[in-house]
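Just below is one structure, and these are the notes that go with it.
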Protein chains: 2
Amino acid sequence: MAERHQVVVVGAGFGGLQLVNDLKGAPVAITLIDRKNHHLFQPLLYQVATTVLATSEIAWPIRHLYRNRPEVTTLMASVTGVDTAARTVTLMNGTVIGYDTLVLATGATHAYFGNDQWSGWAPGLKTLEDATIIRRRLLLAFEQAELAADPAAREALETFVIVGAGPTGVELAGMIAELAYRTLPTEFRHIDTRKARVVLIEAGPRILAGFSEELSLYAARALAALGVEVMTDTRVTDCQREGVQTSDGAIASRTIVWAAGVEASPAAAWLGAAADRAGRVKVEPDLSVPGLADVFVIGDTAAVFSEDGGPVPGIAPAAKQQGAFVARVIRARLAGQAPPARFRYRNRGSLATIGRHVAIIDFGRIRLKGWLAWWIWGIAHIYFLIGTRSRFAVAWSWLWIFLTNQQSARLITQRDPVRDDSD
Amino acid sequence: MAERHQVVVVGAGFGGLQLVNDLKGAPVAITLIDRKNHHLFQPLLYQVATTVLATSEIAWPIRHLYRNRPEVTTLMASVTGVDTAARTVTLMNGTVIGYDTLVLATGATHAYFGNDQWSGWAPGLKTLEDATIIRRRLLLAFEQAELAADPAAREALETFVIVGAGPTGVELAGMIAELAYRTLPTEFRHIDTRKARVVLIEAGPRILAGFSEELSLYAARALAALGVEVMTDTRVTDCQREGVQTSDGAIASRTIVWAAGVEASPAAAWLGAAADRAGRVKVEPDLSVPGLADVFVIGDTAAVFSEDGGPVPGIAPAAKQQGAFVARVIRARLAGQAPPARFRYRNRGSLATIGRHVAIIDFGRIRLKGWLAWWIWGIAHIYFLIGTRSRFAVAWSWLWIFLTNQQSARLITQRDPVRDDSD
């Protein structure tokens, strides 16, 4: 018996997992490599950052997901390079792994557009660690305000700035407002958390630019109703320990969150392949790398265009469709059939929530807003979680908050590597 | 109206919370100070360290517990000193808080008996951060063993050493064995986690010295049946990066947990009061400090003796009884009545679990062991958790593991400040 076709998948996000799932039963051996030991349901990460959900409710140990697939080997490791001539991947500990087919699905990180020194004061939200740091800073700001004697210091502690008004920024701003204005007021004796400021800064002319103008306007009104100050046409020119500088003046703030841009992982550098300005690999219509038919790049690491020429958005459904597509290509090649020539993106709609009761959904032709959209959003997200247990846990957390208005994941834990003036 | 009697409570553990709870309705204003923002249910902390429970299931934001008690002010802050002449407590940020009655309930930390340099390689288990670090190291050891090429390195990665065979050490060893031998075997491809070693080292002649000899022997047999190697009469002479040195030879291990001793917090130094060898304040029979009738020390920070002259153990029920007692003293004094003169400890029994199905309970006269004891242990612990939500969550986590044998809180997160060679 010949050795099985070796598929190496780097990255266990939505794209990588969909690929491994869809290769079930194919005549391959799979090595799935990720820097973390868990797959993360990123669309709900903002709820971990804002004390609604616990980390374990939206993350799963990768190797546990494939415990019943003996042909899948899971490795927790960082990839340091790819040798496309020798067809090998090198890990940080020196291990070299050979591949017949390689799929890079390594995602993206936040981009500060050349101002990486801002990252300490304005963390982004991509990992569970990011979410824990942001949660820590949010809760600690209120704790320190309760102790602060100086009114100016207290005001800076009670000012929360979110930079970037895409779905993540809007969702963070809404939930921080809910926390300050609805959950916390009865718990403090020296401060009135209803006087906290939540400021959402957007460089463009409107929030949620990916949605229709009508939905964007609706979302802006819903945010204002929650108490969020929305500043559009405003550029952030500096982030410091004391707050942000903007094209519209300075804002003193001790808690800044960055939701303004992403940058692809270094897969292009590993391959020596051409990339766009955001670092995404320019792939062929079948998602392979030009000149490397056995190497695919999918998800946020790839610059993919839909048939009408527009870019495929960096969202979970797009990454999953790409993972499924590459699985079909691999299966067809191994079966000696003609593989599908071109990835076609199907737009399943864009969603964003504003606070705990309102959402907007843009299906292209059909547009929904308000509480009905919120319910559709909630049910869809529970459906897409992995496993009965997580679905129950998240539904239960949401139901509990709905019934009691009390969020439970409010622990301040771990040290903060940058802003550690906690006591 | 005269200003209310000011009670300052430092420490929101079992003793501090019981005190504040029992002062409900008394003519006092209470300031409750803790370094953390949460109360921790320490008896189940070992289950967080061993991936059974999530952090948010056994910890609650302190100020949330007292949101409906406007006379209670919660502060998250470190105390740096007490001025018993001026009757003030000083916080790290310089804030000075006056008291009429002061209660110190600041707990204990692990003691290395003069070898504090061991703490990095052999962390103890007192805080959520400790539990997260231990969980991280446990899970990472298996991940790195799966990647290791060198058999000796792999063996050290698959060897887990627990120092100290009191209830915490026994509980940790049992759960690590369950994890290695029952939960993980199907998930790895290069290693057989059933070959991992779990070694429990005890300096004394038997494990669980606080229990009867019969129960101790039963527990030792139950641990052996789970696969734990128990080494009694063995002293640890050094803890290093590579493993432990013992009076019985060296053991190469990358994961060491310290469960061998505790040391009181520095309350005695703040007060200039006499302390015993473990740093506990020698208190009067009514738990006040000699010469300071308005200062009380309770819980693990106090050296308290029961009527038969034996020391009151450093466990949750003892701390709670002391908190309740001091509340009665304060109430009586404020009402102009004679306060109770002497704290009397009521032994409600000692409990310890071995793995996921067996426990021992020592009520003094009545002794239980096996699965019935496990059920009593489980029900008692769920009963003592705070709030409906946590009770449901923990019961659900245990039921899930009972039904599926799968533990879900298996995330490797955060950086490890000492052993960070994770990738």
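Chain lettering (A, B, ...) mirrors the order of the structure tokens, residue numbering begins at 1 for each chain separately, and ligand numbering begins at 1 in order of display.
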
Compute the chain A side of the contact with chain B at 7 Å, counting only C-alpha atoms, and hand it back as a short mmCIF file (atom, residue, chain, number, x, y, z; two decimals) with all heavy atoms, in the first residue's frame.
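The result, written out as iface.cif:
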data_model
loop_
_atom_site.label_atom_id
_atom_site.label_comp_id
_atom_site.auth_asym_id
_atom_site.auth_seq_id
_atom_site.Cartn_x
_atom_site.Cartn_y
_atom_site.Cartn_z
N ASN A 37 -3.84 25.98 21.11
CA ASN A 37 -4.40 24.62 21.21
C ASN A 37 -5.90 24.62 20.95
O ASN A 37 -6.54 23.59 21.01
CB ASN A 37 -4.09 23.99 22.58
CG ASN A 37 -5.06 24.38 23.67
OD1 ASN A 37 -5.52 25.52 23.72
ND2 ASN A 37 -5.35 23.44 24.55
N HIS A 38 -6.47 25.81 20.61
CA HIS A 38 -7.92 25.88 20.46
C HIS A 38 -8.35 26.58 19.19
O HIS A 38 -7.67 27.47 18.68
CB HIS A 38 -8.54 26.59 21.67
CG HIS A 38 -7.89 27.91 21.97
ND1 HIS A 38 -6.84 28.03 22.86
CD2 HIS A 38 -8.11 29.15 21.50
CE1 HIS A 38 -6.46 29.29 22.93
NE2 HIS A 38 -7.22 30.00 22.11
N ALA A 54 -17.81 33.49 28.88
CA ALA A 54 -16.53 33.01 29.40
C ALA A 54 -15.70 32.48 28.24
O ALA A 54 -16.25 32.04 27.22
CB ALA A 54 -16.76 31.91 30.43
N SER A 56 -14.13 29.74 27.79
CA SER A 56 -14.31 28.34 27.39
C SER A 56 -15.62 28.12 26.63
O SER A 56 -15.83 27.06 26.07
CB SER A 56 -14.27 27.43 28.62
OG SER A 56 -15.22 27.84 29.57
N PRO A 61 -10.62 22.82 22.24
CA PRO A 61 -9.32 22.24 21.94
C PRO A 61 -9.38 21.56 20.57
O PRO A 61 -10.26 20.74 20.31
CB PRO A 61 -9.11 21.20 23.04
CG PRO A 61 -10.10 21.53 24.11
CD PRO A 61 -11.23 22.24 23.45
N ARG A 63 -7.47 19.37 19.04
CA ARG A 63 -7.27 17.92 18.93
C ARG A 63 -8.49 17.15 19.45
O ARG A 63 -8.72 16.02 19.03
CB ARG A 63 -6.00 17.49 19.64
CG ARG A 63 -5.96 17.73 21.12
CD ARG A 63 -4.70 17.10 21.75
NE ARG A 63 -3.46 17.74 21.32
CZ ARG A 63 -2.65 17.26 20.38
NH1 ARG A 63 -2.93 16.12 19.78
NH2 ARG A 63 -1.56 17.90 20.04
N HIS A 64 -9.25 17.78 20.33
CA HIS A 64 -10.46 17.14 20.80
C HIS A 64 -11.48 16.99 19.67
O HIS A 64 -12.20 15.99 19.59
CB HIS A 64 -11.03 17.95 21.96
CG HIS A 64 -12.27 17.36 22.55
ND1 HIS A 64 -12.25 16.18 23.23
CD2 HIS A 64 -13.55 17.78 22.54
CE1 HIS A 64 -13.49 15.89 23.63
NE2 HIS A 64 -14.29 16.85 23.22
N ARG A 67 -10.63 13.81 17.68
CA ARG A 67 -10.22 12.63 18.43
C ARG A 67 -10.66 11.34 17.75
O ARG A 67 -10.02 10.31 17.89
CB ARG A 67 -10.78 12.69 19.86
CG ARG A 67 -12.30 12.65 19.94
CD ARG A 67 -12.79 13.03 21.34
NE ARG A 67 -14.24 12.99 21.44
CZ ARG A 67 -15.06 13.93 20.97
NH1 ARG A 67 -14.57 14.99 20.34
NH2 ARG A 67 -16.37 13.82 21.11
N THR A 73 -3.53 14.37 12.56
CA THR A 73 -2.58 14.66 13.64
C THR A 73 -2.62 16.15 13.92
O THR A 73 -2.46 16.95 13.00
CB THR A 73 -1.15 14.25 13.22
OG1 THR A 73 -1.13 12.87 12.92
CG2 THR A 73 -0.15 14.56 14.33
N MET A 76 0.43 21.60 18.13
CA MET A 76 0.43 22.98 18.59
C MET A 76 1.85 23.51 18.42
O MET A 76 2.75 23.14 19.16
CB MET A 76 0.02 23.05 20.06
CG MET A 76 0.02 24.47 20.61
SD MET A 76 -0.38 24.49 22.36
CE MET A 76 -0.02 26.21 22.74
N ALA A 77 2.04 24.35 17.42
CA ALA A 77 3.40 24.82 17.11
C ALA A 77 3.32 26.04 16.21
O ALA A 77 2.34 26.25 15.51
CB ALA A 77 4.18 23.71 16.42
N SER A 78 4.40 26.83 16.21
CA SER A 78 4.51 27.96 15.30
C SER A 78 5.29 27.51 14.07
O SER A 78 6.33 26.88 14.18
CB SER A 78 5.27 29.11 15.96
OG SER A 78 4.49 29.67 16.97
N MET A 92 8.96 25.91 14.79
CA MET A 92 9.92 26.66 15.59
C MET A 92 10.88 25.76 16.36
O MET A 92 12.03 26.11 16.57
CB MET A 92 9.19 27.58 16.57
CG MET A 92 10.11 28.62 17.19
SD MET A 92 9.22 29.79 18.21
CE MET A 92 8.72 31.00 16.99
N GLU A 129 -6.52 35.98 24.55
CA GLU A 129 -5.67 36.82 25.40
C GLU A 129 -6.04 38.29 25.21
O GLU A 129 -6.12 39.05 26.18
CB GLU A 129 -4.18 36.61 25.08
CG GLU A 129 -3.60 35.29 25.60
CD GLU A 129 -3.89 34.12 24.67
OE1 GLU A 129 -4.58 34.30 23.64
OE2 GLU A 129 -3.43 33.01 24.98
N GLU A 143 -12.95 50.09 38.65
CA GLU A 143 -12.44 49.88 40.00
C GLU A 143 -11.55 51.05 40.43
O GLU A 143 -11.64 51.55 41.56
CB GLU A 143 -11.62 48.58 40.08
CG GLU A 143 -12.41 47.30 39.88
CD GLU A 143 -13.37 47.01 41.02
OE1 GLU A 143 -13.19 47.56 42.12
OE2 GLU A 143 -14.34 46.25 40.81
N THR A 186 -25.65 49.95 40.08
CA THR A 186 -25.98 49.70 41.49
C THR A 186 -24.79 49.25 42.31
O THR A 186 -24.90 49.10 43.53
CB THR A 186 -27.06 48.62 41.61
OG1 THR A 186 -26.57 47.43 40.99
CG2 THR A 186 -28.36 49.06 40.98
N GLU A 187 -23.65 48.99 41.67
CA GLU A 187 -22.56 48.32 42.39
C GLU A 187 -21.50 49.26 42.93
O GLU A 187 -20.67 48.83 43.72
CB GLU A 187 -21.92 47.28 41.48
CG GLU A 187 -22.93 46.24 41.02
CD GLU A 187 -22.28 45.07 40.33
OE1 GLU A 187 -21.05 44.97 40.37
OE2 GLU A 187 -23.01 44.27 39.75
N ARG A 189 -20.24 52.98 44.83
CA ARG A 189 -20.72 53.92 45.85
C ARG A 189 -20.16 55.33 45.64
O ARG A 189 -20.77 56.30 46.05
CB ARG A 189 -20.32 53.42 47.24
CG ARG A 189 -20.82 52.01 47.55
CD ARG A 189 -22.34 51.92 47.71
NE ARG A 189 -22.78 50.54 47.84
CZ ARG A 189 -23.40 49.86 46.88
NH1 ARG A 189 -23.71 50.45 45.73
NH2 ARG A 189 -23.76 48.61 47.07
N ALA A 409 -19.35 36.92 33.58
CA ALA A 409 -17.93 36.66 33.30
C ALA A 409 -17.12 37.92 33.60
O ALA A 409 -16.47 38.48 32.72
CB ALA A 409 -17.75 36.20 31.86
N ARG A 410 -17.18 38.38 34.84
CA ARG A 410 -16.64 39.69 35.18
C ARG A 410 -15.41 39.58 36.06
O ARG A 410 -15.24 40.33 37.01
CB ARG A 410 -17.71 40.53 35.85
CG ARG A 410 -18.64 41.18 34.85
CD ARG A 410 -19.74 41.90 35.53
NE ARG A 410 -19.23 42.66 36.65
CZ ARG A 410 -19.98 43.09 37.66
NH1 ARG A 410 -21.27 42.81 37.68
NH2 ARG A 410 -19.45 43.76 38.64
N LEU A 411 -14.53 38.64 35.75
CA LEU A 411 -13.36 38.46 36.58
C LEU A 411 -12.18 39.24 36.03
O LEU A 411 -11.95 39.25 34.83
CB LEU A 411 -12.99 36.97 36.64
CG LEU A 411 -14.15 36.07 37.04
CD1 LEU A 411 -13.69 34.64 37.01
CD2 LEU A 411 -14.67 36.45 38.40
N ILE A 412 -11.47 39.89 36.92
CA ILE A 412 -10.21 40.51 36.55
C ILE A 412 -9.12 39.51 36.89
O ILE A 412 -8.89 39.23 38.07
CB ILE A 412 -9.99 41.83 37.31
CG1 ILE A 412 -11.11 42.82 36.97
CG2 ILE A 412 -8.62 42.42 36.99
CD1 ILE A 412 -11.03 44.13 37.75
N THR A 413 -8.49 38.94 35.88
CA THR A 413 -7.43 37.96 36.15
C THR A 413 -6.23 38.26 35.27
O THR A 413 -6.31 39.06 34.36
CB THR A 413 -7.89 36.52 35.86
OG1 THR A 413 -8.35 36.45 34.51
CG2 THR A 413 -9.01 36.09 36.79
N GLN A 414 -5.15 37.60 35.54
CA GLN A 414 -3.89 37.72 34.81
C GLN A 414 -3.27 39.10 34.99
O GLN A 414 -3.91 40.04 35.44
CB GLN A 414 -4.09 37.44 33.31
CG GLN A 414 -4.79 36.14 33.03
CD GLN A 414 -4.08 34.93 33.62
OE1 GLN A 414 -2.88 34.95 33.82
NE2 GLN A 414 -4.81 33.89 33.93
N ASP A 423 -2.58 47.97 41.11
CA ASP A 423 -2.81 48.22 42.54
C ASP A 423 -1.62 48.90 43.19
O ASP A 423 -0.77 49.44 42.48
CB ASP A 423 -3.16 46.92 43.27
CG ASP A 423 -2.15 45.84 43.06
OD1 ASP A 423 -1.03 46.14 42.59
OD2 ASP A 423 -2.45 44.69 43.34
#

>> Please extract the residues of range 206-278 of chain A with a backbone DSSP assignment of strand (DSSP E) and present them as a PyMOL selection string.
In response: chain A and resi 228-231+236-240+243-246+249-252+255-258+262-264

Hey, can you spit out that residue selection with N, CA and C atoms as a CSV table (one decimal), in the first residue's frame?
chain,number,residue,atom,x,y,z
A,228,VAL,N,-23.8,55.9,23.3
A,228,VAL,CA,-22.5,55.9,22.7
A,228,VAL,C,-22.3,57.2,21.9
A,229,GLU,N,-21.2,57.9,22.0
A,229,GLU,CA,-20.9,59.1,21.2
A,229,GLU,C,-20.2,58.6,20.0
A,230,VAL,N,-20.8,58.8,18.8
A,230,VAL,CA,-20.2,58.4,17.5
A,230,VAL,C,-19.5,59.6,16.9
A,231,MET,N,-18.2,59.5,16.6
A,231,MET,CA,-17.5,60.5,15.9
A,231,MET,C,-17.1,60.0,14.5
A,236,VAL,N,-7.6,59.1,14.0
A,236,VAL,CA,-6.8,59.0,15.2
A,236,VAL,C,-5.4,59.3,14.8
A,237,THR,N,-4.7,60.2,15.4
A,237,THR,CA,-3.3,60.6,15.0
A,237,THR,C,-2.3,60.1,16.0
A,238,ASP,N,-2.8,59.7,17.3
A,238,ASP,CA,-1.8,59.1,18.2
A,238,ASP,C,-2.6,58.4,19.3
A,239,CYS,N,-2.0,57.3,19.8
A,239,CYS,CA,-2.6,56.6,21.0
A,239,CYS,C,-1.5,56.6,22.0
A,240,GLN,N,-1.8,57.1,23.3
A,240,GLN,CA,-0.8,57.1,24.3
A,240,GLN,C,-1.4,56.6,25.6
A,243,GLY,N,-4.4,58.7,26.6
A,243,GLY,CA,-5.6,58.9,25.7
A,243,GLY,C,-5.2,58.9,24.3
A,244,VAL,N,-6.2,59.4,23.4
A,244,VAL,CA,-6.0,59.5,22.0
A,244,VAL,C,-6.0,60.9,21.5
A,245,GLN,N,-5.2,61.1,20.5
A,245,GLN,CA,-5.2,62.4,19.8
A,245,GLN,C,-5.9,62.1,18.5
A,246,THR,N,-6.9,63.0,18.2
A,246,THR,CA,-7.6,62.9,16.9
A,246,THR,C,-7.6,64.1,16.1
A,249,GLY,N,-9.3,66.8,18.0
A,249,GLY,CA,-8.9,67.1,19.4
A,249,GLY,C,-8.5,65.9,20.2
A,250,ALA,N,-8.1,66.1,21.4
A,250,ALA,CA,-7.6,65.0,22.3
A,250,ALA,C,-8.7,64.5,23.2
A,251,ILE,N,-8.7,63.2,23.5
A,251,ILE,CA,-9.6,62.6,24.4
A,251,ILE,C,-8.9,61.9,25.5
A,252,ALA,N,-9.0,62.3,26.7
A,252,ALA,CA,-8.3,61.6,27.8
A,252,ALA,C,-9.1,60.3,28.1
A,255,THR,N,-8.7,53.6,28.6
A,255,THR,CA,-9.1,52.3,28.0
A,255,THR,C,-9.4,52.6,26.5
A,256,ILE,N,-8.5,52.2,25.6
A,256,ILE,CA,-8.7,52.3,24.2
A,256,ILE,C,-8.7,50.9,23.6
A,257,VAL,N,-9.6,50.7,22.6
A,257,VAL,CA,-9.6,49.4,21.9
A,257,VAL,C,-9.5,49.7,20.4
A,258,TRP,N,-8.6,49.0,19.8
A,258,TRP,CA,-8.4,49.2,18.4
A,258,TRP,C,-9.2,48.2,17.5
A,262,VAL,N,-6.9,45.4,9.7
A,262,VAL,CA,-6.3,44.1,9.8
A,262,VAL,C,-5.2,44.0,8.8
A,263,GLU,N,-4.3,43.0,9.0
A,263,GLU,CA,-3.1,42.8,8.2
A,263,GLU,C,-3.0,41.3,8.2
A,264,ALA,N,-2.7,40.7,7.0
A,264,ALA,CA,-2.6,39.3,6.9
A,264,ALA,C,-1.4,38.7,7.6

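The shell of residues at most 8 Å from Ala131 in chain B, with only C-alpha atoms counted and near chain neighbours (fewer than 6 positions) removed, consists of B:Leu45, B:Tyr46, B:Val48, B:Ala49, B:Leu125.
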
Export C-alpha atoms of the chosen residues as a PDB file, in the first residue's frame?
ATOM      1  CA  LEU B  45      -9.830  25.514  42.469  1.00  0.00           C
ATOM      2  CA  TYR B  46      -8.042  22.229  41.739  1.00  0.00           C
ATOM      3  CA  VAL B  48      -9.953  24.673  37.328  1.00  0.00           C
ATOM      4  CA  ALA B  49      -6.288  23.651  37.322  1.00  0.00           C
ATOM      5  CA  LEU B 125      -2.610  26.712  43.987  1.00  0.00           C
TER       6      LEU B 125
END

>> Could you list, as a PyMOL selection string, every residue within 10 Å of His381 in chain A, counting only C-alpha atoms and ignoring same-chain residues fewer than 4 positions away?
In response: chain A and resi 41+43-44+375-377+385+391+394-395

Would you output that residue set with C-alpha atoms, as a CSV table (one decimal), in the first residue's frame?
chain,number,residue,atom,x,y,z
A,41,PHE,CA,-15.3,31.4,17.5
A,43,PRO,CA,-17.6,36.5,15.9
A,44,LEU,CA,-18.4,36.3,19.6
A,375,TRP,CA,-33.1,37.0,17.3
A,376,ILE,CA,-32.0,35.7,13.9
A,377,TRP,CA,-28.4,36.8,14.7
A,385,LEU,CA,-21.0,27.0,17.6
A,391,ARG,CA,-24.6,25.8,22.4
A,394,VAL,CA,-24.0,30.3,25.4
A,395,ALA,CA,-27.8,30.1,25.1

> For the atom pair CA of Ala274 in chain B and CA of Leu40 in chain B, what is the interatomic distance in Å to one decimal place?
Replying inline: 28.4 Å

>> Just the number, please: distance in Å from CA of Ile315 in chain B to CA of Arg206 in chain B, one decimal.
In response: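 About the pair CA of Ile315 in chain B and CA of Arg206 in chain B: they are 20.3 Å apart.
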
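You can rank B:Leu32, B:Ile298, B:Ala12, B:Ala278 by their closest distance to Ala319 in chain B using only C-alpha atoms, and at the top of that list sits B:Ile298.
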
>> With DSSP run on the backbone, what are the helix (DSSP H, G or I) residues within range 173-292 of chain B? I'd like them as JSON, numbers by chain.
In response: {"B": [173, 174, 175, 176, 177, 178, 179, 180, 181, 182, 183, 185, 186, 187, 193, 194, 195, 213, 214, 215, 216, 217, 218, 219, 220, 221, 222, 223, 224, 225, 226, 267, 268, 269, 270, 271]}

>> Taking only C-alpha atoms into account, name the residue in A:Phe113, A:Glu213, A:Ile330, A:Thr31 that is nearest to Arg277 in chain A.
In response: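 Of A:Phe113, A:Glu213, A:Ile330, A:Thr31, the one nearest Arg277 in chain A, counting only C-alpha atoms, is A:Phe113.
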
>> So that I can check the surroundings of Ala108 in chain A, please list as a list in words every protein, DNA and RNA residue that reaches within 10 Å of it, counting only C-alpha atoms and ignoring chain neighbours fewer than 5 positions away.
In response: Lys126, Gly261, Val262, Glu263, Ala264, Ser265, Pro266, Ala278, Gly279, Arg280, Gly299, Asp300, Thr301, Ala302 and Gly314 of chain A

Selected residues written out, all heavy atoms, as a compact mmCIF listing (two decimals), in the first residue's frame:
# COMPACT_ATOMS: atom_id res chain seq x y z
N LYS A 126 -8.29 39.91 18.65
CA LYS A 126 -8.17 38.77 17.75
C LYS A 126 -8.08 37.44 18.49
O LYS A 126 -8.43 36.40 17.96
CB LYS A 126 -6.93 38.93 16.86
CG LYS A 126 -7.15 39.83 15.65
CD LYS A 126 -7.94 39.13 14.58
CE LYS A 126 -8.33 40.08 13.46
NZ LYS A 126 -9.31 39.45 12.54
N GLY A 261 -8.31 48.05 11.70
CA GLY A 261 -7.71 47.51 10.49
C GLY A 261 -7.06 46.17 10.72
O GLY A 261 -6.71 45.83 11.85
N VAL A 262 -6.93 45.38 9.67
CA VAL A 262 -6.27 44.10 9.80
C VAL A 262 -5.19 43.95 8.75
O VAL A 262 -5.18 44.63 7.73
CB VAL A 262 -7.26 42.91 9.67
CG1 VAL A 262 -8.22 42.89 10.83
CG2 VAL A 262 -7.98 42.95 8.35
N GLU A 263 -4.30 43.02 9.02
CA GLU A 263 -3.14 42.77 8.20
C GLU A 263 -2.97 41.25 8.16
O GLU A 263 -3.10 40.61 9.20
CB GLU A 263 -1.93 43.41 8.91
CG GLU A 263 -0.67 43.45 8.13
CD GLU A 263 0.38 44.22 8.96
OE1 GLU A 263 0.77 43.70 10.04
OE2 GLU A 263 0.77 45.31 8.56
N ALA A 264 -2.69 40.71 6.99
CA ALA A 264 -2.60 39.26 6.88
C ALA A 264 -1.36 38.73 7.60
O ALA A 264 -0.39 39.45 7.81
CB ALA A 264 -2.56 38.85 5.40
N SER A 265 -1.39 37.45 7.96
CA SER A 265 -0.24 36.78 8.55
C SER A 265 0.86 36.63 7.49
O SER A 265 0.61 36.81 6.30
CB SER A 265 -0.68 35.42 9.08
OG SER A 265 -1.09 34.62 7.99
N PRO A 266 2.09 36.29 7.91
CA PRO A 266 3.22 36.35 6.96
C PRO A 266 3.30 35.20 5.96
O PRO A 266 4.39 34.88 5.49
CB PRO A 266 4.44 36.36 7.89
CG PRO A 266 3.99 35.69 9.12
CD PRO A 266 2.53 35.99 9.27
N ALA A 278 -2.38 44.79 2.10
CA ALA A 278 -2.68 44.26 3.43
C ALA A 278 -1.92 42.96 3.72
O ALA A 278 -2.17 42.30 4.72
CB ALA A 278 -4.18 44.03 3.59
N GLY A 279 -1.00 42.58 2.81
CA GLY A 279 -0.18 41.41 3.05
C GLY A 279 -0.82 40.10 2.61
O GLY A 279 -0.28 39.03 2.85
N ARG A 280 -1.98 40.20 1.94
CA ARG A 280 -2.67 38.96 1.54
C ARG A 280 -2.10 38.40 0.24
O ARG A 280 -1.81 39.16 -0.71
CB ARG A 280 -4.17 39.24 1.37
CG ARG A 280 -4.84 39.51 2.70
CD ARG A 280 -6.28 39.92 2.49
NE ARG A 280 -6.36 41.12 1.67
CZ ARG A 280 -7.44 41.88 1.57
NH1 ARG A 280 -8.54 41.55 2.25
NH2 ARG A 280 -7.45 42.95 0.80
N GLY A 299 -8.92 32.07 3.33
CA GLY A 299 -9.34 32.91 4.46
C GLY A 299 -8.70 34.29 4.41
O GLY A 299 -8.36 34.80 3.35
N ASP A 300 -8.52 34.87 5.59
CA ASP A 300 -8.02 36.25 5.67
C ASP A 300 -6.60 36.41 5.14
O ASP A 300 -6.13 37.54 4.97
CB ASP A 300 -8.04 36.73 7.13
CG ASP A 300 -9.45 36.94 7.63
OD1 ASP A 300 -10.39 36.78 6.84
OD2 ASP A 300 -9.60 37.26 8.83
N THR A 301 -5.91 35.30 4.91
CA THR A 301 -4.53 35.38 4.41
C THR A 301 -4.49 35.54 2.90
O THR A 301 -3.44 35.81 2.32
CB THR A 301 -3.76 34.10 4.81
OG1 THR A 301 -4.15 33.75 6.14
CG2 THR A 301 -2.28 34.32 4.77
N ALA A 302 -5.62 35.34 2.23
CA ALA A 302 -5.66 35.36 0.77
C ALA A 302 -6.47 36.57 0.27
O ALA A 302 -7.44 36.98 0.91
CB ALA A 302 -6.30 34.08 0.24
N GLY A 314 -13.46 39.49 4.69
CA GLY A 314 -12.72 38.67 5.65
C GLY A 314 -13.60 38.21 6.78
O GLY A 314 -13.38 38.57 7.93

> Excluding same-chain residues fewer than 4 positions from Thr84 in chain A, what lies within 9 Å of it counting only C-alpha atoms, as a list in words?
Replying inline: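 So, after excluding close chain neighbours, the residues are Thr88, Val89, Leu271, Leu292 and Val295 of chain A.
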
>> Using only C-alpha atoms, which protein or nucleic acid residues come within 12 Å of Ala26 in chain A? Drop anything in the same chain fewer than 2 positions from it, and give the result as a VMD selection string.
In response: chain A and resid 4 to 7 19 to 24 28 to 30 69 71 to 72 327 to 335
